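Engineer: I am sharing work.tsv, which consists of TSV, C-alpha atoms:
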chain	number	residue	atom	x	y	z
W	1	MET	CA	23.60	-9.64	-8.90
W	2	ARG	CA	20.97	-7.20	-7.73
W	3	ALA	CA	21.67	-4.24	-5.49
W	4	CYS	CA	20.07	-4.31	-2.06
W	5	ASP	CA	16.79	-2.39	-2.30
W	6	GLU	CA	16.48	-1.13	1.29
W	7	PRO	CA	18.05	1.78	3.21
W	8	TRP	CA	21.22	0.65	4.96
W	9	PRO	CA	19.73	0.32	8.44
W	10	ASN	CA	17.40	-2.24	6.92
W	11	ARG	CA	20.41	-4.13	5.60
W	12	ASP	CA	21.81	-4.35	9.09
W	13	ARG	CA	19.02	-5.81	11.19
W	14	PRO	CA	16.89	-9.02	11.51
W	15	HIS	CA	16.89	-11.43	8.59
W	16	THR	CA	14.32	-11.91	5.85
W	17	GLU	CA	11.77	-14.48	4.88
W	18	GLU	CA	13.52	-15.19	1.59
W	19	CYS	CA	16.67	-16.16	3.48
W	20	GLY	CA	14.77	-18.24	6.01
W	21	HIS	CA	16.99	-17.63	9.03
W	22	ASP	CA	14.26	-17.49	11.65
W	23	ARG	CA	15.27	-15.92	14.96
W	24	VAL	CA	18.83	-15.24	13.80
W	25	VAL	CA	20.24	-11.79	13.17
W	26	VAL	CA	22.82	-11.76	10.41
W	27	ALA	CA	24.46	-8.39	9.95
W	28	ALA	CA	26.67	-7.05	7.20
W	29	VAL	CA	30.16	-6.06	8.26
W	30	ARG	CA	30.19	-4.09	5.01
W	31	PRO	CA	27.44	-3.77	2.40
W	32	HIS	CA	29.90	-4.19	-0.51
W	33	ALA	CA	31.96	-7.37	-0.76
W	34	ALA	CA	33.22	-9.24	-3.80
W	35	GLY	CA	31.55	-12.59	-4.39
W	36	THR	CA	28.98	-12.06	-1.65
W	37	VAL	CA	25.24	-11.62	-2.08
W	38	TRP	CA	23.94	-9.36	0.66
W	39	CYS	CA	20.61	-9.81	2.38
W	40	PRO	CA	18.23	-6.93	1.57
W	41	LEU	CA	17.44	-6.27	5.24
W	42	PRO	CA	19.09	-5.90	8.60
W	43	GLY	CA	22.13	-7.73	9.48
W	44	THR	CA	25.83	-8.17	9.45
W	45	ALA	CA	26.02	-10.29	6.33
W	46	MET	CA	25.80	-13.79	5.11
W	47	ALA	CA	27.86	-15.07	2.20
W	48	ARG	CA	25.76	-16.42	-0.66
W	49	CYS	CA	22.50	-15.61	1.10
W	50	PRO	CA	19.62	-16.24	-1.34
W	51	GLY	CA	17.81	-13.07	-0.27
W	52	GLY	CA	19.42	-10.92	-2.97
W	53	GLY	CA	21.99	-8.20	-2.45
W	54	ARG	CA	24.69	-5.83	-3.60
W	55	ALA	CA	27.87	-6.72	-5.46
W	56	GLY	CA	31.03	-4.80	-4.73
W	57	THR	CA	34.78	-4.85	-5.00
W	58	ALA	CA	36.10	-4.92	-1.45
W	59	ALA	CA	37.52	-8.13	0.00
W	60	PRO	CA	35.01	-10.21	1.97
W	61	ARG	CA	35.10	-9.65	5.71
W	62	LEU	CA	34.62	-12.05	8.57
W	63	LEU	CA	31.01	-12.89	9.32
W	64	ARG	CA	29.50	-12.66	12.73
W	65	ARG	CA	26.12	-13.28	14.33
W	66	VAL	CA	24.68	-10.86	16.80
W	67	ALA	CA	22.02	-11.46	19.44
W	68	LEU	CA	18.42	-10.39	18.94
W	69	ARG	CA	18.72	-8.11	21.94
W	70	ARG	CA	20.89	-5.80	19.85
W	71	VAL	CA	18.17	-5.14	17.30
W	72	ARG	CA	16.69	-1.68	17.56
W	73	PRO	CA	12.98	-0.98	16.95
W	74	GLY	CA	11.82	0.20	13.56
W	75	TRP	CA	14.78	-1.15	11.60
W	76	CYS	CA	13.29	-4.36	10.24
W	77	ARG	CA	10.63	-3.73	7.64
W	78	ARG	CA	10.22	-7.35	6.55
W	79	ALA	CA	11.14	-9.42	9.59
W	80	LEU	CA	9.65	-12.87	9.97
W	81	PRO	CA	6.53	-13.11	12.13
W	82	GLY	CA	7.42	-13.72	15.74
W	83	THR	CA	11.13	-12.99	15.46
W	84	LEU	CA	11.04	-9.60	17.16
W	85	ARG	CA	7.49	-8.89	18.19
W	86	ARG	CA	7.74	-10.50	21.59
W	87	ARG	CA	10.84	-8.58	22.62
W	88	ARG	CA	11.00	-4.94	23.60
W	89	ALA	CA	14.17	-3.46	22.15
W	90	ARG	CA	16.09	-0.49	23.50
W	91	ARG	CA	14.57	2.83	22.50
W	92	PRO	CA	16.67	4.72	19.95
W	93	THR	CA	18.17	8.04	20.96
W	94	VAL	CA	16.36	11.06	19.52
W	95	ARG	CA	18.33	14.27	19.31
W	96	GLY	CA	18.20	17.77	17.89
W	97	VAL	CA	14.51	18.69	17.93
W	98	CYS	CA	14.36	22.43	17.38
W	99	GLN	CA	11.96	24.96	15.88
W	100	SER	CA	14.68	27.13	14.35
W	101	LEU	CA	14.03	28.18	10.77
W	102	ARG	CA	17.59	27.11	10.00
W	103	ARG	CA	16.71	23.50	10.68
W	104	LEU	CA	16.27	21.01	7.88
W	105	GLU	CA	13.00	19.07	7.74
W	106	ILE	CA	14.73	15.70	7.90
W	107	GLY	CA	15.47	12.84	10.26
W	108	VAL	CA	18.96	11.34	10.25
W	109	GLN	CA	19.57	7.79	11.44
W	110	THR	CA	23.04	6.50	12.25
W	111	GLU	CA	24.39	2.97	12.44
W	112	ASP	CA	24.71	3.14	16.22
W	113	GLY	CA	20.97	3.81	16.66
W	114	GLU	CA	20.90	7.57	17.13
W	115	ARG	CA	18.13	9.48	15.40
W	116	HIS	CA	18.67	13.21	14.91
W	117	VAL	CA	15.49	15.13	14.08
W	118	ARG	CA	15.46	18.50	12.29
W	119	VAL	CA	19.20	19.07	12.31
W	120	SER	CA	20.84	22.18	10.90
W	121	ALA	CA	23.01	22.08	7.78
W	122	GLU	CA	26.05	22.48	10.03
W	123	GLU	CA	24.99	19.53	12.20
W	124	LEU	CA	24.40	17.38	9.13
W	125	ALA	CA	27.88	18.25	7.91
W	126	GLY	CA	29.27	17.27	11.31
W	127	LEU	CA	27.57	13.88	11.11
W	128	ALA	CA	28.99	13.34	7.62
W	129	ARG	CA	32.49	14.13	8.92
W	130	ARG	CA	32.01	11.84	11.92
W	131	ILE	CA	31.14	8.58	10.20
W	132	GLY	CA	33.79	6.02	9.31
W	133	GLY	CA	34.57	4.18	12.53
W	134	GLU	CA	33.41	0.70	13.52
W	135	GLY	CA	29.68	0.76	14.25
W	136	ASP	CA	29.29	4.29	12.88
W	137	ARG	CA	29.69	4.00	9.12
W	138	PHE	CA	26.49	5.30	7.55
W	139	LEU	CA	23.76	7.90	7.66
W	140	VAL	CA	20.22	7.44	6.33
W	141	VAL	CA	18.31	10.68	5.76
W	142	GLN	CA	14.54	10.85	5.35
W	143	ARG	CA	12.34	13.87	4.85
W	144	ILE	CA	9.73	14.94	7.42
W	145	PRO	CA	7.17	13.59	7.03
W	146	ASP	CA	8.67	10.38	5.72
W	147	ARG	CA	7.60	9.35	2.21
W	148	PRO	CA	7.71	5.77	0.92
W	149	ASP	CA	10.82	5.06	-1.16
W	150	VAL	CA	12.26	8.55	-0.71
W	151	PHE	CA	15.57	8.77	1.15
W	152	ALA	CA	19.25	9.57	0.84
W	153	GLN	CA	22.11	7.69	2.46
W	154	VAL	CA	25.88	7.58	2.65
W	155	TRP	CA	28.37	4.85	3.58
W	156	HIS	CA	32.00	5.49	4.58
W	157	GLU	CA	34.79	3.54	6.23
W	158	SER	CA	37.93	5.27	7.47
W	159	GLY	CA	40.55	5.43	4.75
W	160	GLY	CA	38.04	4.97	1.92
W	161	GLY	CA	35.72	7.10	-0.14
W	162	TYR	CA	32.06	7.87	0.35
W	163	THR	CA	29.23	5.97	-1.34
W	164	LEU	CA	26.29	8.35	-1.68
W	165	GLU	CA	22.83	7.13	-2.75
W	166	HIS	CA	19.33	8.49	-3.08
W	167	ARG	CA	15.99	6.99	-4.05
W	168	ASP	CA	13.36	9.05	-5.81
W	169	GLY	CA	10.03	7.37	-5.14
W	170	ALA	CA	10.55	3.82	-6.39
W	171	ALA	CA	13.14	1.05	-6.41
W	172	ASP	CA	13.77	1.58	-10.13
W	173	ARG	CA	14.83	5.16	-9.38
W	174	HIS	CA	17.70	4.43	-7.00
W	175	PHE	CA	20.93	6.30	-7.80
W	176	GLN	CA	24.52	6.01	-6.55
W	177	VAL	CA	27.70	8.02	-6.84
W	178	ALA	CA	31.18	7.82	-5.30
W	179	VAL	CA	32.57	11.03	-3.79
W	180	ASP	CA	35.84	11.67	-2.02
W	181	SER	CA	34.98	14.07	0.82
W	182	PRO	CA	32.42	14.63	3.58
W	183	GLU	CA	31.95	18.18	2.28
W	184	ALA	CA	30.63	16.84	-1.03
W	185	VAL	CA	28.31	14.51	0.89
W	186	SER	CA	26.90	17.22	3.14
W	187	ALA	CA	26.45	19.67	0.25
W	188	ALA	CA	24.46	17.12	-1.76
W	189	MET	CA	22.41	15.96	1.23
W	190	THR	CA	21.62	19.52	2.29
W	191	GLY	CA	20.43	20.36	-1.22
W	192	TRP	CA	18.36	17.17	-1.27
W	193	ALA	CA	16.84	18.01	2.13
W	194	ARG	CA	15.89	21.52	0.97
W	195	GLN	CA	14.64	20.15	-2.37
W	196	GLU	CA	16.72	22.74	-4.16
W	197	ALA	CA	16.57	22.79	-7.94
W	198	GLY	CA	19.68	21.17	-9.41
W	199	TRP	CA	20.92	19.79	-6.10
W	200	ASP	CA	22.13	16.63	-7.85
W	201	GLU	CA	23.99	18.34	-10.68
W	202	GLY	CA	27.76	18.04	-10.94
W	203	LEU	CA	27.85	14.46	-9.66
W	204	ALA	CA	28.17	11.36	-11.87
W	205	TRP	CA	25.09	9.51	-10.61
W	206	GLU	CA	24.51	5.95	-11.80
W	207	LEU	CA	21.14	4.21	-11.82
W	208	LEU	CA	21.36	0.98	-9.81
W	209	ASP	CA	19.71	-2.21	-10.99
W	210	MET	CA	17.35	-3.33	-8.24
W	211	GLY	CA	15.89	-6.17	-10.25
W	212	PRO	CA	12.28	-6.46	-11.38
W	213	LEU	CA	9.68	-4.67	-9.31
W	214	ARG	CA	7.55	-7.06	-7.31
W	215	GLU	CA	3.82	-6.91	-7.94
W	216	VAL	CA	1.71	-6.92	-4.79
W	217	PRO	CA	-1.49	-8.96	-5.18
W	218	PRO	CA	-4.73	-7.32	-3.99
W	219	LEU	CA	-6.04	-8.18	-0.56
W	220	ASP	CA	-8.44	-11.12	-0.49
W	221	LEU	CA	-10.66	-9.89	2.35
W	222	ASP	CA	-14.37	-9.51	2.82
W	223	GLU	CA	-15.80	-6.05	3.44
W	224	GLY	CA	-15.93	-6.48	7.21
W	225	GLU	CA	-12.31	-7.63	7.47
W	226	ARG	CA	-11.10	-4.80	5.28
W	227	GLU	CA	-12.98	-2.28	7.41
W	228	VAL	CA	-11.48	-3.65	10.64
W	229	LEU	CA	-7.98	-3.66	9.15
W	230	GLU	CA	-8.06	-0.13	7.79
W	231	ARG	CA	-9.72	1.25	10.93
W	232	ARG	CA	-6.98	-0.20	13.14
W	233	VAL	CA	-4.18	1.20	10.99
W	234	ARG	CA	-5.86	4.61	10.81
W	235	GLU	CA	-6.22	4.68	14.60
W	236	ALA	CA	-2.47	4.14	14.93
W	237	LEU	CA	-1.86	6.85	12.34
W	238	VAL	CA	-3.97	9.36	14.25
W	239	GLY	CA	-1.97	8.54	17.39
W	240	GLY	CA	1.00	9.84	15.44
W	241	TYR	CA	3.88	7.85	16.92
W	242	ALA	CA	3.95	4.73	14.73
W	243	THR	CA	6.49	4.46	11.93
W	244	ARG	CA	5.59	3.10	8.52
W	245	ALA	CA	7.38	-0.13	9.43
W	246	GLU	CA	5.35	-0.47	12.63
W	247	LEU	CA	2.12	0.24	10.76
W	248	ALA	CA	2.97	-2.49	8.26
W	249	GLU	CA	3.62	-4.93	11.09
W	250	LEU	CA	0.29	-3.98	12.67
W	251	ALA	CA	-1.54	-4.53	9.36
W	252	GLU	CA	0.13	-7.89	8.84
W	253	GLU	CA	-0.81	-9.18	12.28
W	254	CYS	CA	-4.25	-7.57	12.68
W	255	LEU	CA	-6.35	-10.41	11.22
W	256	VAL	CA	-4.11	-13.37	12.02
W	257	THR	CA	-5.78	-16.46	13.48
W	258	ALA	CA	-4.46	-19.87	14.45
W	259	ASP	CA	-4.92	-21.21	10.92
W	260	ARG	CA	-4.99	-18.11	8.72
W	261	ARG	CA	-2.67	-15.23	7.84
W	262	PRO	CA	-4.68	-13.25	5.27
W	263	VAL	CA	-2.33	-10.26	4.85
W	264	SER	CA	1.20	-10.79	3.54
W	265	ARG	CA	4.09	-8.56	4.48
W	266	GLU	CA	4.11	-6.95	1.04
W	267	GLN	CA	0.35	-6.30	1.16
W	268	ALA	CA	0.71	-4.85	4.66
W	269	GLU	CA	3.46	-2.50	3.52
W	270	ALA	CA	1.40	-1.34	0.54
W	271	LEU	CA	-1.64	-0.68	2.76
W	272	ALA	CA	0.42	1.13	5.41
W	273	ASP	CA	2.07	3.34	2.78
W	274	ARG	CA	-1.26	4.21	1.17
W	275	LEU	CA	-2.90	5.21	4.45
W	276	TRP	CA	0.28	7.01	5.56
W	277	LEU	CA	0.19	9.20	2.45
W	278	GLU	CA	-3.51	9.91	3.05
W	279	ARG	CA	-2.68	11.19	6.53
W	280	VAL	CA	0.26	13.23	5.21
W	281	GLY	CA	-2.17	14.88	2.81
W	282	GLU	CA	-4.56	15.69	5.65
W	283	GLN	CA	-1.89	17.25	7.84
W	284	ALA	CA	-0.70	19.49	5.00
W	285	ALA	CA	-3.75	21.66	5.72
W	286	TRP	CA	-2.93	22.09	9.42
W	287	GLN	CA	-1.76	25.56	10.35
W	288	GLY	CA	0.56	26.56	13.17
W	289	GLU	CA	1.54	24.67	16.31
W	290	THR	CA	-0.76	21.80	17.29
W	291	ASP	CA	-1.63	20.65	20.80
W	292	PRO	CA	0.67	17.59	20.64
W	293	GLU	CA	3.51	19.90	19.61
W	294	ARG	CA	2.75	22.13	22.60
W	295	LEU	CA	2.83	19.01	24.74
W	296	THR	CA	6.25	18.07	23.36
W	297	ARG	CA	7.48	21.58	24.15
W	298	ALA	CA	6.24	21.25	27.74
W	299	PHE	CA	7.88	17.85	28.11
W	300	ARG	CA	11.15	19.23	26.78
W	301	ALA	CA	11.05	22.01	29.39
W	302	LEU	CA	10.35	19.49	32.14
W	303	GLN	CA	13.23	17.31	30.97
W	304	GLU	CA	15.60	20.27	31.12
W	305	ALA	CA	14.32	21.06	34.63
W	306	GLY	CA	15.19	17.61	35.99
W	307	ILE	CA	11.90	15.79	35.39
W	308	THR	CA	12.21	12.67	33.23
W	309	ALA	CA	9.48	13.20	30.59
W	310	ARG	CA	8.46	10.48	28.12
W	311	GLU	CA	5.74	10.48	25.45
W	312	ASN	CA	3.91	7.32	24.35
W	313	PHE	CA	6.11	5.37	26.77
W	314	THR	CA	5.63	1.57	26.69
W	315	CYS	CA	2.32	-0.25	26.31
W	316	CYS	CA	0.66	0.23	29.72
W	317	ARG	CA	0.99	1.67	33.21
W	318	THR	CA	2.47	-1.51	34.67
W	319	CYS	CA	5.30	-1.60	32.14
W	320	SER	CA	5.86	2.15	32.36
W	321	GLN	CA	6.18	2.12	36.14
W	322	ALA	CA	8.62	-0.79	35.91
W	323	GLU	CA	10.82	0.95	33.33
W	324	ILE	CA	10.65	4.69	33.99
W	325	GLY	CA	13.37	4.48	36.64
W	326	ASP	CA	15.85	3.34	34.00
W	327	GLU	CA	15.06	6.40	31.89
W	328	GLY	CA	15.95	9.00	34.52
W	329	GLY	CA	19.23	10.87	34.65
W	330	PRO	CA	21.37	10.84	37.80
W	331	ASP	CA	20.08	14.26	38.88
W	332	ASP	CA	16.43	13.84	37.91
W	333	ARG	CA	14.01	14.34	40.79
W	334	GLY	CA	10.90	12.81	39.29
W	335	PHE	CA	9.10	11.73	36.16
W	336	VAL	CA	6.04	12.23	34.01
W	337	TYR	CA	4.82	10.07	31.13
W	338	PHE	CA	1.87	8.75	29.22
W	339	HIS	CA	1.70	5.27	27.71
W	340	THR	CA	0.21	4.06	24.43
W	341	GLN	CA	-3.24	3.44	25.89
W	342	CYS	CA	-3.28	7.09	27.00
W	343	THR	CA	-2.30	8.08	23.45
W	344	ASP	CA	-5.19	6.06	22.03
W	345	SER	CA	-7.60	7.78	24.40
W	346	ALA	CA	-6.31	11.23	23.46
W	347	ALA	CA	-6.54	10.43	19.75
W	348	ALA	CA	-10.17	9.37	20.31
W	349	GLY	CA	-10.94	12.81	21.79
W	350	ASN	CA	-10.98	11.89	25.47
W	351	GLY	CA	-8.13	14.04	26.76
W	352	LEU	CA	-4.72	12.82	27.85
W	353	MET	CA	-3.91	11.29	31.25
W	354	LEU	CA	-0.40	12.01	32.53
W	355	LEU	CA	1.20	9.86	35.23
W	356	TYR	CA	3.94	11.33	37.40
W	357	GLY	CA	5.88	10.86	40.59
W	358	GLY	CA	9.09	11.39	42.50
W	359	PHE	CA	12.00	8.99	42.29
W	360	ASP	CA	12.27	9.00	46.09
W	361	GLY	CA	8.73	7.63	46.36
W	362	SER	CA	7.47	10.29	48.77
W	363	SER	CA	4.08	11.93	48.42
W	364	GLU	CA	5.68	15.34	48.98
W	365	THR	CA	8.00	14.94	45.98
W	366	THR	CA	5.19	13.50	43.88
W	367	ALA	CA	2.97	16.50	44.64
W	368	ALA	CA	5.83	18.88	43.82
W	369	VAL	CA	6.42	17.14	40.50
W	370	GLY	CA	2.67	17.34	39.77
W	371	ARG	CA	2.74	21.09	40.31
W	372	GLU	CA	5.73	21.47	37.98
W	373	VAL	CA	3.97	19.40	35.33
W	374	VAL	CA	0.83	21.53	35.54
W	375	ALA	CA	2.85	24.75	35.35
W	376	ALA	CA	4.76	23.54	32.29
W	377	LEU	CA	1.55	22.56	30.51
W	378	GLU	CA	-0.16	25.85	31.27
W	379	ALA	CA	2.93	27.75	30.13
W	380	VAL	CA	2.50	26.37	26.60
W	381	GLY	CA	-1.23	27.08	26.53
W	382	LEU	CA	-2.70	23.66	27.32
W	383	GLY	CA	-5.72	23.19	29.58
W	384	VAL	CA	-5.21	21.03	32.68
W	385	GLU	CA	-7.45	19.32	35.24
W	386	TRP	CA	-5.81	18.37	38.56
W	387	ASP	CA	-6.96	18.84	42.15
W	388	GLY	CA	-3.49	18.82	43.68
W	389	ASP	CA	-3.84	15.29	45.05
W	390	PRO	CA	-0.58	13.35	44.40
W	391	GLY	CA	-2.67	10.20	44.10
W	392	GLN	CA	-4.60	11.55	41.10
W	393	ALA	CA	-3.42	11.77	37.49
W	394	VAL	CA	-3.05	15.07	35.66
W	395	THR	CA	-5.45	15.30	32.70
W	396	VAL	CA	-4.77	17.49	29.69
W	397	THR	CA	-8.16	18.69	28.43
W	398	PRO	CA	-9.58	20.00	26.19
W	399	LEU	CA	-7.13	18.59	23.67
W	400	ASP	CA	-7.21	18.64	19.87
W	401	TRP	CA	-4.98	15.65	19.07
W	402	ARG	CA	-3.39	16.38	15.68
W	403	ARG	CA	0.10	14.98	15.86
W	404	ARG	CA	2.11	15.45	12.70
W	405	LEU	CA	3.73	12.34	11.27
W	406	ILE	CA	7.51	12.37	11.19
W	407	ARG	CA	8.87	8.96	10.19
Using the file provided, produce a representation of the structure as structure tokens.
Structural biologist:
Amino acid sequence: MRACDEPWPNRDRPHTEECGHDRVVVAAVRPHAAGTVWCPLPGTAMARCPGGGRAGTAAPRLLRRVALRRVRPGWCRRALPGTLRRRRARRPTVRGVCQSLRRLEIGVQTEDGERHVRVSAEELAGLARRIGGEGDRFLVVQRIPDRPDVFAQVWHESGGGYTLEHRDGAADRHFQVAVDSPEAVSAAMTGWARQEAGWDEGLAWELLDMGPLREVPPLDLDEGEREVLERRVREALVGGYATRAELAELAEECLVTADRRPVSREQAEALADRLWLERVGEQAAWQGETDPERLTRAFRALQEAGITARENFTCCRTCSQAEIGDEGGPDDRGFVYFHTQCTDSAAAGNGLMLLYGGFDGSSETTAAVGREVVAALEAVGLGVEWDGDPGQAVTVTPLDWRRRLIR
């Protein structure tokens, strides 16, 4: 049997094309079970699934199916076309953004959907100690910015040991070791995050057999199609919010017609990874805090002051207005956001339009929120255009949109 070749979140979400379970989520109760082949992507688990998987020694558990509504965005990297794309899933929680020099340049994803960004070594150790309960059994750690096929992960159930893994750039360099304490896990993961020399020494790592590497055939596109495809993916990259999985989905769907699907999932992933690494190389030359990072700092201050602040929030103004009320805390007075079309405009060099308002619907509260938004933006050094009219958007301009990729 082959070991599952995806990070654990991708073993616990929507099913794969090889398995053929369209519009069904099959999740693994545990990624190691004797006599069971585990699907290489999201899900609870399906005995004898033909998608390939990991062999283990624990007794098989009961299988269960979970509804599509429980799938979180960004977890399925090879989902079937149409299984998730028409449904907006709940946004994952993002925690721990901080500029402290003590922070690790990593993102940590948990089984329950939390994503902790730039945690400290102490916070990472706390997460390692926490896991083990139902629905909270693993951590997947990726560097910032994310690199294809580079991650570390740990699995633990209460009463058992810890299965620690890391991948070093390719599926044929995927290593595993069993350790007996969360302290050993956090020490190894911290060393991995800091890229310390010898971080992996002292542990009996084993190379896992992931099976033969799959060759990705070259794209069969004419010059015009290739130009359209790469331009669209690069536009999303410049926006800075898309994950590699979302970029691959975009590439796969970009040229689809009623009778033609010219880009396979594997080709889309290869293209997305190549262009992602190009952008990572570009941003390595950027110095200091960028305008989008200043914007994030302003939004964080507004959030702490009782203004619900959301970046790149939903696809359009209609959807944002319909959903922003659900985002607010019980004591929040108002909101400010920009949606993905605003992001596209900013990335194209046209400034950024911010939409705002008061939760009570009054023009007085809306104007007060507008003034707070302007003050927060100016406090971080961003230029603002607004005439004080609560019926007019706030525009951030001039704006140099260089948003660093994270995941």
Engineer: Which residue is closest to W:Ala121? Choose from W:Arg194, W:Arg297, W:Arg279, W:His174 and count all atoms listed in the file.
Structural biologist: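 That would be W:Arg194, the residue with the smallest distance to W:Ala121.
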Engineer: Padding of 4 Å on every side, edges along x, y and z, all listed atoms of stretch 145-153 of chain W included: what centre and edge lengths in Å, to one decimal, does that box have, as JSON?
Structural biologist:
{"center_x": 14.6, "center_y": 9.3, "center_z": 2.9, "size_x": 22.9, "size_y": 16.5, "size_z": 16.2}
Engineer: Place a sphere of radius 8 Å on (5.6, -8.2, 3.4) in the file coordinates and name every protein, DNA or RNA residue with an atom inside or on its surface, counting all atoms listed in the file; give the answer as a PyMOL selection string.
Structural biologist: chain W and resi 77-78+248+252+264-269
Engineer: One number please: atom CA of W:Gly161 to atom CA of W:Asp209, in Å, one decimal.
Structural biologist: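 Spanning atom CA of W:Gly161 to atom CA of W:Asp209 is a straight-line distance of 21.5 Å.
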Engineer: With only C-alpha atoms as the basis for distance, which of W:Ala258, W:Val396, W:Ala193, W:Ala178 is at the shortest distance from W:Gly381?
Structural biologist: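 Answer, going by the shortest atom-to-atom distance: W:Val396.
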Engineer: Could you tell me how far atom CA of W:Leu277 lies from atom CA of W:Glu225, in Å and to one decimal?
Structural biologist: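 Interatomic distance, atom CA of W:Leu277 to atom CA of W:Glu225: 21.6 Å.
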Engineer: Which residues come within 9 Å of W:Val373, counting all atoms listed in the file, excluding same-chain residues fewer than 4 positions away, as a PyMOL selection string?
Structural biologist: chain W and resi 298-299+302+307+336+356+368-369+377-378+394
Engineer: Report, in Å with one decimal, the straight-line distance from atom CA of W:Ala125 to atom CA of W:Gln142.
Structural biologist: 15.5 Å
Engineer: Pick from W:Arg260, W:Arg102, W:Arg115, W:Arg129: nearest to W:Pro182, with all atoms listed in the file counted?
Structural biologist: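 Of W:Arg260, W:Arg102, W:Arg115, W:Arg129, the one nearest W:Pro182, counting all atoms listed in the file, is W:Arg129.
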